[in-house]
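Before any comments, here is the structure.
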Amino acid sequence: MSILILIASILLLLVLISAVKLNAFISLIIASFFVGIAKGMLFPTILNSLQQGIGSTLGSLILIIALGVILGNILSDSGAAQRISSVMIRSVGVKHIKWAMLVTGFAVGISMFYNAGFVILIPMVFAVAKSTKQPIIYLGIAMASALSVTHGFLPPHPGPTAIAVIFKADIGKTLLFGLIIAIPTLLIAGIVFPEFIKKIVANPPKGLFESKTFAENEMPSFMISFITALIPVILMAMATISELTLPETSSIRQILGFIGSPTTSMLLAVLFAIVFLGINRGRKMQDIMDKSSSALSSATMIIMIIAAGGAFKQVLIDSGIGTDLAVFFETSTLSPLVLGWLVATIIRIALGSATVAGLTAAGIVQPLVVSSGISPELMVLSIGAGSLMCSHVNDTGFWMFKEYFGISISDTFKTWTVMETIIGVMGLIGVLLLNLLVA
């Protein structure tokens with residue numbers, strides 16, 4: 001019954017958006033009510049789940065998105081994004097620009113959460129696409145695939161790190177195996193796959209980022225542009241390193257943890273951008289704020305849809321659908337590596353959250369890791385790969401990608417969902433091959 005309700009809710013959502021042409025925000029709320037009622041949840045419980053889902057999603061994202069939009073707007077409006085993209089293009093050439101976006105996404109993704117990295121890099125994607133006349137989606141997938149791989153496979157990201165703790169896996173070895181698997185995965189998902197989606201046209205929200213073309217003397221220097229864009233990356237990397245090397249009681253670790261949090265680091269980057277890309281270059285504060293406010297208004301619907309996606313995900317969790325599906329696999333005789341991947345995949349499809357899918361799957365297969373003698377590091381990566389599989393309408397990342405690039409649900413399935421599935425399948429293949437070598 002849980003599977004039928006899940007399928008019915010997804011079909012309802014697709015019909016409301018695609019056939020009825022109802023706004024995605026309203027459609028997601030209606031689908032959330034459908035799941036709650038179909039699973040017999042009390043009406044007050046459904047409302048509480050909606051509120052909790054919206055609150056938990058926006059609580060962690062709203063400041064990052066808002067500050068990211070402001071920073072992206074300043075980078076674009078000052079010509080800094082165009083400066084970075086022009087240097088990047090001169091360095092690698094138009095022919096290899098997709099590689100540059102992938103490497104940039106990977107470098108940023110190692111130290112940043114997916115959502116923060118996406119918001120930081122999206123203006124770069126738009127600027128590079130405009131300068132090279134390359135399709136935005138073509139470059140966007142290269143960037144997003146790198147962010148996704150680091151999010152699912154590589155400590156110190158919260159998902160793989162938490163799973164590693166559950167399995168008592170060695171963090172260093174997990175990172176090493178993760179990097180080995182990440183390379184071929186990125187080649188397929190970020191380099192080969194984009195060649196098949198070049199004809200999909202993106203229509204980003206108007207006013208989100210400046211589309212003006214700047215003359216050479218109108219742009220800031222590459223160094224100041226690059227430093228501004230990298231401030232969040234540097235600060236978050238410092239915080240991550242301090243967490244791995246310093247004791248919890250260390251005051252230095254606490255300070256670096258504070259300034260290296262996504263919100264604080266983004267705020268500091270915005271303030272730096274206002275001064276060095278705005279005020280110091282003769283722009284008035286009022287003009288900078290007016291342009292930023294205009295950009296924020298363009299991002300309002302993106303924020304609302306992401307919030308509704310969070311509500312839908314929370315109702316699925318609170319209704320017990322994920323638990324029902326997990327119990328079904330507890331008695332399976334599959335290999336622990338395949339079972340962990342499969343359970344994580346099923347829960348990911350049911351609930352949308354990669355982190356929840358990974359942690360739930362880890363709890364289910366944990367006894368098998370001890371009894372089977374399987375490598376706990378490979379188990380972490382197997383579950384991490386499964387937790388990225390088949391992202392669709394109950395995943396906030398799905399809506400984030402769709403709304404920023406301004407594409408249809410159908411095209412989001414063809415691009416984002418397929419990319420995530422490629423990463424998940426390649427991850428499992430890599431784990432199974434490594435298991436043959438280390439077993």
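Chain labels follow the order of the structure tokens: the first chain is A, the next B, and so on; residue numbering restarts at 1 in every chain, and ligands are counted from 1 in their shown order.
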Residue contacts of Ala229 of chain A (9 Å, only C-alpha atoms) excluding same-chain residues fewer than 4 positions away, as a ChimeraX atom specification: /A:71-72,75,80-81,120-121,224-225,233,269,273
Closest-contact table, segment 46-105 of chain A side, partner segment 137-146 of chain A, 8 Å, counting only C-alpha atoms, as a Markdown table:
```
| residue | atom | partner | partner_atom | distance |
| --- | --- | --- | --- | --- |
| A:Lys98 | CA | A:Leu139 | CA | 5.8 |
| A:Trp99 | CA | A:Ala142 | CA | 7.6 |
| A:Met101 | CA | A:Met143 | CA | 5.2 |
| A:Leu102 | CA | A:Met143 | CA | 4.8 |
| A:Val103 | CA | A:Ala146 | CA | 7.4 |
| A:Thr104 | CA | A:Met143 | CA | 7.2 |
| A:Gly105 | CA | A:Met143 | CA | 4.8 |
```
Only C-alpha atoms, please: the residues just picked out, written as an mmCIF file, in the first residue's frame.
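Produced file out.cif, reproduced below:
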```cif
data_model
loop_
_atom_site.group_PDB
_atom_site.id
_atom_site.type_symbol
_atom_site.label_atom_id
_atom_site.label_comp_id
_atom_site.auth_asym_id
_atom_site.auth_seq_id
_atom_site.Cartn_x
_atom_site.Cartn_y
_atom_site.Cartn_z
ATOM 1 C CA LYS A 98 33.139 21.663 -19.854
ATOM 2 C CA TRP A 99 36.202 20.161 -18.135
ATOM 3 C CA MET A 101 33.325 23.632 -15.071
ATOM 4 C CA LEU A 102 33.608 20.058 -13.795
ATOM 5 C CA VAL A 103 36.960 20.642 -12.087
ATOM 6 C CA THR A 104 35.666 23.891 -10.577
ATOM 7 C CA GLY A 105 32.572 22.119 -9.253
#
```
Restrict the calculation to only C-alpha atoms, then for each residue of segment 88-204 of chain A with any atom at most 12 Å from an atom of segment 335-350 of chain A give the closest atom pair and their distance in Å to one decimal, rows by chain and rising residue number, as a Markdown table.
```
| residue | atom | partner | partner_atom | distance |
| --- | --- | --- | --- | --- |
| A:Gly152 | CA | A:Ala344 | CA | 11.7 |
| A:Gly159 | CA | A:Ala344 | CA | 12.0 |
| A:Ile163 | CA | A:Gly340 | CA | 11.4 |
```
Spatial neighbours of segment 27-35 of chain A, max dist 10 Å, only C-alpha atoms, sep filter under 4 positions, as a PyMOL selection string: chain A and resi 2+5-6+8-17+20-23+39-41+43+46-47+49-50+305-316+319+321+393-394
Generate the output file for the selected residues, N, CA and C atoms, as a compact mmCIF listing (two decimals), in the first residue's frame.
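part.txt, written as the output of this step:
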```
# COMPACT_ATOMS: atom_id res chain seq x y z
N SER A 2 1.97 1.24 0.75
CA SER A 2 2.85 2.41 0.79
C SER A 2 3.43 2.72 -0.59
N ILE A 5 0.69 4.26 -2.73
CA ILE A 5 0.44 5.66 -2.34
C ILE A 5 1.55 6.56 -2.87
N LEU A 6 2.79 6.08 -2.76
CA LEU A 6 3.93 6.85 -3.26
C LEU A 6 3.80 7.10 -4.76
N ALA A 8 1.09 6.92 -6.60
CA ALA A 8 -0.08 7.75 -6.88
C ALA A 8 0.20 9.23 -6.61
N SER A 9 0.94 9.51 -5.53
CA SER A 9 1.24 10.91 -5.19
C SER A 9 2.13 11.55 -6.25
N ILE A 10 3.08 10.78 -6.77
CA ILE A 10 3.97 11.31 -7.81
C ILE A 10 3.20 11.55 -9.10
N LEU A 11 2.32 10.60 -9.46
CA LEU A 11 1.50 10.77 -10.66
C LEU A 11 0.58 11.99 -10.52
N LEU A 12 -0.02 12.14 -9.33
CA LEU A 12 -0.88 13.30 -9.07
C LEU A 12 -0.10 14.60 -9.27
N LEU A 13 1.11 14.64 -8.74
CA LEU A 13 1.95 15.82 -8.85
C LEU A 13 2.26 16.15 -10.31
N LEU A 14 2.61 15.12 -11.07
CA LEU A 14 2.94 15.33 -12.48
C LEU A 14 1.72 15.81 -13.27
N VAL A 15 0.55 15.24 -12.97
CA VAL A 15 -0.68 15.66 -13.66
C VAL A 15 -1.02 17.11 -13.34
N LEU A 16 -0.93 17.47 -12.06
CA LEU A 16 -1.27 18.85 -11.66
C LEU A 16 -0.36 19.87 -12.33
N ILE A 17 0.93 19.55 -12.42
CA ILE A 17 1.88 20.50 -12.99
C ILE A 17 1.87 20.48 -14.51
N VAL A 20 -2.65 19.99 -15.79
CA VAL A 20 -3.52 21.07 -15.29
C VAL A 20 -2.83 22.43 -15.35
N LYS A 21 -1.49 22.41 -15.44
CA LYS A 21 -0.68 23.64 -15.48
C LYS A 21 -0.76 24.42 -14.17
N LEU A 22 -0.96 23.71 -13.07
CA LEU A 22 -1.00 24.35 -11.76
C LEU A 22 0.42 24.68 -11.31
N ASN A 23 0.57 25.76 -10.59
CA ASN A 23 1.88 26.16 -10.08
C ASN A 23 2.49 25.02 -9.25
N LYS A 39 -2.43 7.84 3.94
CA LYS A 39 -1.76 7.02 4.96
C LYS A 39 -2.46 7.08 6.32
N GLY A 40 -3.60 7.80 6.37
CA GLY A 40 -4.37 7.83 7.61
C GLY A 40 -3.82 8.74 8.68
N MET A 41 -2.99 9.70 8.31
CA MET A 41 -2.46 10.65 9.29
C MET A 41 -3.58 11.59 9.77
N PHE A 43 -5.31 15.08 10.67
CA PHE A 43 -5.17 16.38 9.99
C PHE A 43 -4.18 17.32 10.68
N ILE A 46 -0.71 16.18 9.77
CA ILE A 46 -0.34 16.55 8.40
C ILE A 46 0.13 17.99 8.35
N LEU A 47 -0.63 18.87 9.00
CA LEU A 47 -0.26 20.29 9.01
C LEU A 47 1.08 20.51 9.70
N SER A 49 3.50 18.35 9.88
CA SER A 49 4.54 17.85 8.98
C SER A 49 4.86 18.87 7.90
N LEU A 50 3.81 19.49 7.34
CA LEU A 50 4.02 20.52 6.33
C LEU A 50 4.87 21.66 6.88
N ILE A 305 9.08 27.10 -4.03
CA ILE A 305 8.98 25.73 -4.56
C ILE A 305 9.89 24.78 -3.80
N ILE A 306 11.09 25.26 -3.46
CA ILE A 306 12.00 24.44 -2.65
C ILE A 306 11.38 24.14 -1.29
N ALA A 307 10.72 25.14 -0.70
CA ALA A 307 10.06 24.95 0.59
C ALA A 307 8.95 23.91 0.49
N ALA A 308 8.15 23.99 -0.57
CA ALA A 308 7.06 23.02 -0.76
C ALA A 308 7.62 21.62 -0.99
N GLY A 309 8.75 21.53 -1.69
CA GLY A 309 9.40 20.24 -1.87
C GLY A 309 9.82 19.65 -0.53
N GLY A 310 10.29 20.51 0.37
CA GLY A 310 10.65 20.07 1.72
C GLY A 310 9.44 19.58 2.49
N ALA A 311 8.29 20.24 2.30
CA ALA A 311 7.06 19.82 2.96
C ALA A 311 6.61 18.43 2.48
N PHE A 312 6.69 18.23 1.16
CA PHE A 312 6.31 16.94 0.57
C PHE A 312 7.20 15.83 1.11
N LYS A 313 8.51 16.09 1.18
CA LYS A 313 9.46 15.12 1.69
C LYS A 313 9.15 14.76 3.15
N GLN A 314 8.82 15.77 3.97
CA GLN A 314 8.57 15.54 5.39
C GLN A 314 7.32 14.71 5.62
N VAL A 315 6.27 14.95 4.83
CA VAL A 315 5.04 14.16 4.97
C VAL A 315 5.32 12.70 4.60
N LEU A 316 6.14 12.48 3.57
CA LEU A 316 6.51 11.12 3.20
C LEU A 316 7.25 10.43 4.35
N SER A 319 4.77 9.93 7.43
CA SER A 319 3.70 8.97 7.14
C SER A 319 4.16 7.53 7.31
N ILE A 321 6.15 5.86 5.13
CA ILE A 321 6.37 5.18 3.86
C ILE A 321 7.81 4.66 3.76
N VAL A 393 10.67 14.40 -8.00
CA VAL A 393 9.88 15.54 -7.52
C VAL A 393 9.83 15.70 -6.01
N ASN A 394 10.26 14.70 -5.24
CA ASN A 394 10.26 14.87 -3.78
C ASN A 394 11.62 15.30 -3.24
```
Polymer residues at most 10 Å from Arg253 of chain A, only C-alpha atoms, same-chain spacing of 4 or more positions, as a PyMOL selection string: chain A and resi 238-249+257-258+260
Would you mind exporting the chosen residues as a CSV table (one decimal), in the first residue's frame, restricted to N, CA, C and O atoms?
```csv
chain,number,residue,atom,x,y,z
A,238,MET,N,38.6,25.9,5.6
A,238,MET,CA,39.4,26.1,6.9
A,238,MET,C,38.6,25.5,8.0
A,238,MET,O,39.2,24.9,8.9
A,239,ALA,N,37.3,25.7,8.0
A,239,ALA,CA,36.4,25.1,9.1
A,239,ALA,C,36.5,23.6,9.1
A,239,ALA,O,36.6,22.9,10.1
A,240,THR,N,36.4,23.0,7.9
A,240,THR,CA,36.5,21.5,7.8
A,240,THR,C,37.8,21.0,8.2
A,240,THR,O,37.9,20.0,9.0
A,241,ILE,N,38.9,21.6,7.9
A,241,ILE,CA,40.2,21.2,8.3
A,241,ILE,C,40.4,21.3,9.8
A,241,ILE,O,40.9,20.4,10.4
A,242,SER,N,39.8,22.3,10.4
A,242,SER,CA,39.9,22.5,11.8
A,242,SER,C,39.1,21.4,12.5
A,242,SER,O,39.6,20.9,13.6
A,243,GLU,N,38.0,21.0,12.0
A,243,GLU,CA,37.2,19.9,12.6
A,243,GLU,C,37.9,18.6,12.6
A,243,GLU,O,37.8,17.7,13.5
A,244,LEU,N,38.8,18.4,11.5
A,244,LEU,CA,39.5,17.1,11.4
A,244,LEU,C,40.8,17.1,12.2
A,244,LEU,O,41.3,16.0,12.5
A,245,THR,N,41.3,18.3,12.5
A,245,THR,CA,42.7,18.3,13.1
A,245,THR,C,42.7,18.8,14.5
A,245,THR,O,43.7,18.6,15.3
A,246,LEU,N,41.7,19.6,15.0
A,246,LEU,CA,41.7,20.2,16.3
A,246,LEU,C,40.7,19.6,17.2
A,246,LEU,O,39.6,19.2,16.7
A,247,PRO,N,40.9,19.6,18.5
A,247,PRO,CA,39.9,19.1,19.5
A,247,PRO,C,38.7,20.0,19.5
A,247,PRO,O,38.8,21.2,19.2
A,248,GLU,N,37.6,19.4,20.0
A,248,GLU,CA,36.3,20.2,20.0
A,248,GLU,C,36.4,21.4,21.0
A,248,GLU,O,35.7,22.4,20.8
A,249,THR,N,37.3,21.3,22.0
A,249,THR,CA,37.4,22.4,22.9
A,249,THR,C,38.3,23.5,22.4
A,249,THR,O,38.4,24.6,23.1
A,257,GLY,N,34.9,27.4,12.8
A,257,GLY,CA,33.7,26.8,12.6
A,257,GLY,C,32.6,27.8,12.4
A,257,GLY,O,31.7,27.6,11.6
A,258,PHE,N,32.6,28.9,13.1
A,258,PHE,CA,31.6,29.9,13.0
A,258,PHE,C,31.8,30.7,11.7
A,258,PHE,O,30.8,30.8,11.0
A,260,GLY,N,33.3,29.8,9.1
A,260,GLY,CA,33.3,28.9,8.0
A,260,GLY,C,32.0,28.2,7.8
A,260,GLY,O,31.8,27.3,6.9
```
From a DSSP calculation on the backbone, collect every residue of segment 236-428 of chain A in helix (DSSP H, G or I) and output the set as a CSV table (one decimal) with C-alpha atoms, in the first residue's frame.
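What landed in part_11.csv:
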```
chain,number,residue,atom,x,y,z
A,236,MET,CA,34.4,26.5,4.7
A,237,ALA,CA,37.6,24.5,3.9
A,238,MET,CA,39.4,26.1,6.9
A,239,ALA,CA,36.4,25.1,9.1
A,240,THR,CA,36.5,21.5,7.8
A,241,ILE,CA,40.2,21.2,8.3
A,242,SER,CA,39.9,22.5,11.8
A,243,GLU,CA,37.2,19.9,12.6
A,244,LEU,CA,39.5,17.1,11.4
A,245,THR,CA,42.7,18.3,13.1
A,251,SER,CA,38.9,28.1,20.6
A,252,ILE,CA,40.5,28.3,17.1
A,253,ARG,CA,38.3,25.4,15.9
A,254,GLN,CA,35.2,27.2,17.3
A,255,ILE,CA,36.0,30.5,15.6
A,256,LEU,CA,36.8,28.8,12.3
A,257,GLY,CA,33.7,26.8,12.6
A,258,PHE,CA,31.6,29.9,13.0
A,259,ILE,CA,33.1,32.0,10.2
A,262,PRO,CA,27.7,28.4,5.0
A,263,THR,CA,25.7,31.4,6.3
A,264,THR,CA,28.6,33.3,7.9
A,265,SER,CA,31.0,32.7,5.0
A,266,MET,CA,28.4,33.8,2.4
A,267,LEU,CA,27.7,36.9,4.4
A,268,LEU,CA,31.4,37.8,4.6
A,269,ALA,CA,31.7,37.2,0.9
A,270,VAL,CA,28.7,39.5,0.2
A,271,LEU,CA,30.2,42.3,2.4
A,272,PHE,CA,33.6,41.9,0.7
A,273,ALA,CA,31.9,42.1,-2.7
A,274,ILE,CA,29.9,45.2,-1.8
A,275,VAL,CA,33.2,47.0,-0.8
A,276,PHE,CA,35.6,45.7,-3.5
A,277,LEU,CA,33.4,45.1,-6.4
A,278,GLY,CA,31.0,48.0,-5.7
A,279,ILE,CA,32.0,50.9,-3.5
A,280,ASN,CA,35.7,50.9,-4.4
A,281,ARG,CA,34.8,50.9,-8.1
A,285,MET,CA,25.4,51.6,-2.1
A,286,GLN,CA,21.8,52.4,-3.1
A,287,ASP,CA,22.4,51.2,-6.6
A,288,ILE,CA,24.0,47.9,-5.4
A,289,MET,CA,21.1,47.3,-3.0
A,290,ASP,CA,18.5,48.1,-5.6
A,291,LYS,CA,20.0,45.6,-8.0
A,292,SER,CA,20.3,43.0,-5.2
A,293,SER,CA,16.6,43.5,-4.2
A,294,SER,CA,15.6,43.0,-7.8
A,295,ALA,CA,17.5,39.7,-8.0
A,296,LEU,CA,16.0,38.5,-4.8
A,297,SER,CA,12.5,39.1,-6.1
A,298,SER,CA,13.3,37.0,-9.1
A,300,THR,CA,11.1,34.2,-4.6
A,301,MET,CA,9.3,31.5,-6.5
A,302,ILE,CA,12.5,29.3,-6.4
A,303,ILE,CA,12.5,29.6,-2.7
A,304,MET,CA,8.8,28.8,-2.4
A,305,ILE,CA,9.0,25.7,-4.6
A,306,ILE,CA,12.0,24.4,-2.7
A,307,ALA,CA,10.1,25.0,0.6
A,308,ALA,CA,7.1,23.0,-0.8
A,309,GLY,CA,9.4,20.2,-1.9
A,310,GLY,CA,10.6,20.1,1.7
A,311,ALA,CA,7.1,19.8,3.0
A,312,PHE,CA,6.3,16.9,0.6
A,313,LYS,CA,9.5,15.1,1.7
A,314,GLN,CA,8.6,15.5,5.4
A,315,VAL,CA,5.0,14.2,5.0
A,316,LEU,CA,6.5,11.1,3.2
A,317,ILE,CA,8.9,10.6,6.2
A,318,ASP,CA,6.3,11.2,8.9
A,321,ILE,CA,6.4,5.2,3.9
A,322,GLY,CA,10.2,5.1,4.1
A,323,THR,CA,10.1,2.7,7.1
A,324,ASP,CA,7.6,0.4,5.4
A,325,LEU,CA,9.9,0.1,2.4
A,326,ALA,CA,13.0,-0.4,4.5
A,327,VAL,CA,11.4,-3.3,6.5
A,328,PHE,CA,10.6,-5.1,3.3
A,336,PRO,CA,25.5,-6.5,1.7
A,337,LEU,CA,27.1,-4.0,-0.8
A,338,VAL,CA,24.2,-4.5,-3.3
A,339,LEU,CA,21.6,-4.6,-0.5
A,340,GLY,CA,22.9,-1.3,1.1
A,341,TRP,CA,22.8,0.4,-2.3
A,342,LEU,CA,19.3,-1.0,-3.1
A,343,VAL,CA,17.8,0.0,0.2
A,344,ALA,CA,19.3,3.5,0.0
A,345,THR,CA,17.9,3.8,-3.6
A,346,ILE,CA,14.4,2.7,-2.6
A,347,ILE,CA,14.3,5.1,0.4
A,348,ARG,CA,15.8,7.9,-1.8
A,349,ILE,CA,13.0,7.4,-4.3
A,350,ALA,CA,10.4,7.3,-1.5
A,351,LEU,CA,11.6,10.3,0.6
A,354,ALA,CA,19.9,11.7,0.2
A,355,THR,CA,21.0,12.1,3.8
A,356,VAL,CA,17.9,10.4,5.3
A,357,ALA,CA,18.2,7.6,2.7
A,358,GLY,CA,21.8,7.0,3.5
A,359,LEU,CA,21.4,7.0,7.3
A,360,THR,CA,18.3,4.8,7.2
A,361,ALA,CA,19.9,2.2,4.9
A,362,ALA,CA,23.0,2.2,7.1
A,363,GLY,CA,20.9,1.3,10.1
A,364,ILE,CA,19.3,-1.5,8.3
A,365,VAL,CA,22.4,-3.2,7.0
A,366,GLN,CA,24.8,-2.4,9.9
A,367,PRO,CA,24.5,-6.0,11.4
A,368,LEU,CA,25.4,-7.4,8.0
A,369,VAL,CA,28.7,-5.4,7.8
A,370,VAL,CA,29.8,-7.0,11.1
A,371,SER,CA,28.8,-10.6,10.3
A,372,SER,CA,29.9,-10.6,6.6
A,376,PRO,CA,33.0,-0.8,6.0
A,377,GLU,CA,34.6,1.8,3.8
A,378,LEU,CA,33.1,0.3,0.6
A,379,MET,CA,29.8,-0.1,2.5
A,380,VAL,CA,29.8,3.7,3.1
A,381,LEU,CA,30.3,4.4,-0.6
A,382,SER,CA,27.7,1.8,-1.7
A,383,ILE,CA,25.1,3.4,0.4
A,384,GLY,CA,26.3,6.9,-0.6
A,385,ALA,CA,25.8,5.9,-4.3
A,386,GLY,CA,22.3,4.6,-3.6
A,396,THR,CA,14.5,19.8,-3.1
A,397,GLY,CA,17.6,19.5,-5.3
A,398,PHE,CA,15.4,18.5,-8.3
A,399,TRP,CA,13.4,21.7,-7.9
A,400,MET,CA,16.4,23.9,-7.3
A,401,PHE,CA,18.0,22.7,-10.6
A,402,LYS,CA,14.7,23.0,-12.4
A,403,GLU,CA,13.9,26.6,-11.3
A,404,TYR,CA,17.4,28.1,-11.6
A,405,PHE,CA,17.7,26.8,-15.1
A,409,ILE,CA,9.7,18.9,-15.4
A,410,SER,CA,10.2,16.6,-18.4
A,411,ASP,CA,13.6,18.2,-19.2
A,412,THR,CA,14.6,18.1,-15.5
A,413,PHE,CA,14.0,14.3,-15.5
A,414,LYS,CA,16.1,14.1,-18.7
A,415,THR,CA,19.0,16.1,-17.3
A,416,TRP,CA,19.1,16.2,-13.5
A,417,THR,CA,17.5,12.8,-12.7
A,418,VAL,CA,19.4,10.9,-15.3
A,419,MET,CA,22.7,12.5,-14.1
A,420,GLU,CA,22.0,11.5,-10.5
A,421,THR,CA,21.1,8.0,-11.6
A,422,ILE,CA,24.3,7.7,-13.7
A,423,ILE,CA,26.3,8.7,-10.6
A,424,GLY,CA,24.5,6.2,-8.4
A,425,VAL,CA,25.0,3.3,-10.9
A,426,MET,CA,28.6,4.2,-11.6
A,427,GLY,CA,29.2,4.4,-7.8
A,428,LEU,CA,27.9,0.9,-7.3
```
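Reported to one decimal place, the separation of atom CA of Asn203 of chain A from atom CA of Ser131 of chain A is 16.6 Å.
If you look at atom CA of Gly79 of chain A and atom CA of Ile231 of chain A, they are 17.4 Å away from each other.
If only C-alpha atoms are the atoms counted, then among A:Leu388, A:Leu154, A:Val119, A:Ile89 the closest residue to Ile180 of chain A is A:Leu154.
Compared by their closest atoms to Val69 of chain A, and using only C-alpha atoms, the residues A:Gly93, A:Ile171, A:Ala116, A:Ile374 rank with A:Ala116 nearest.
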8 Å contact set for Met124 of chain A, only C-alpha atoms, chain neighbours under 2 positions out, as a list in words: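 Those residues are Ala81, Gln82, Ile84, Ser85, Ile120, Leu121, Ile122, Phe126, Ala127 and Val128 of chain A.
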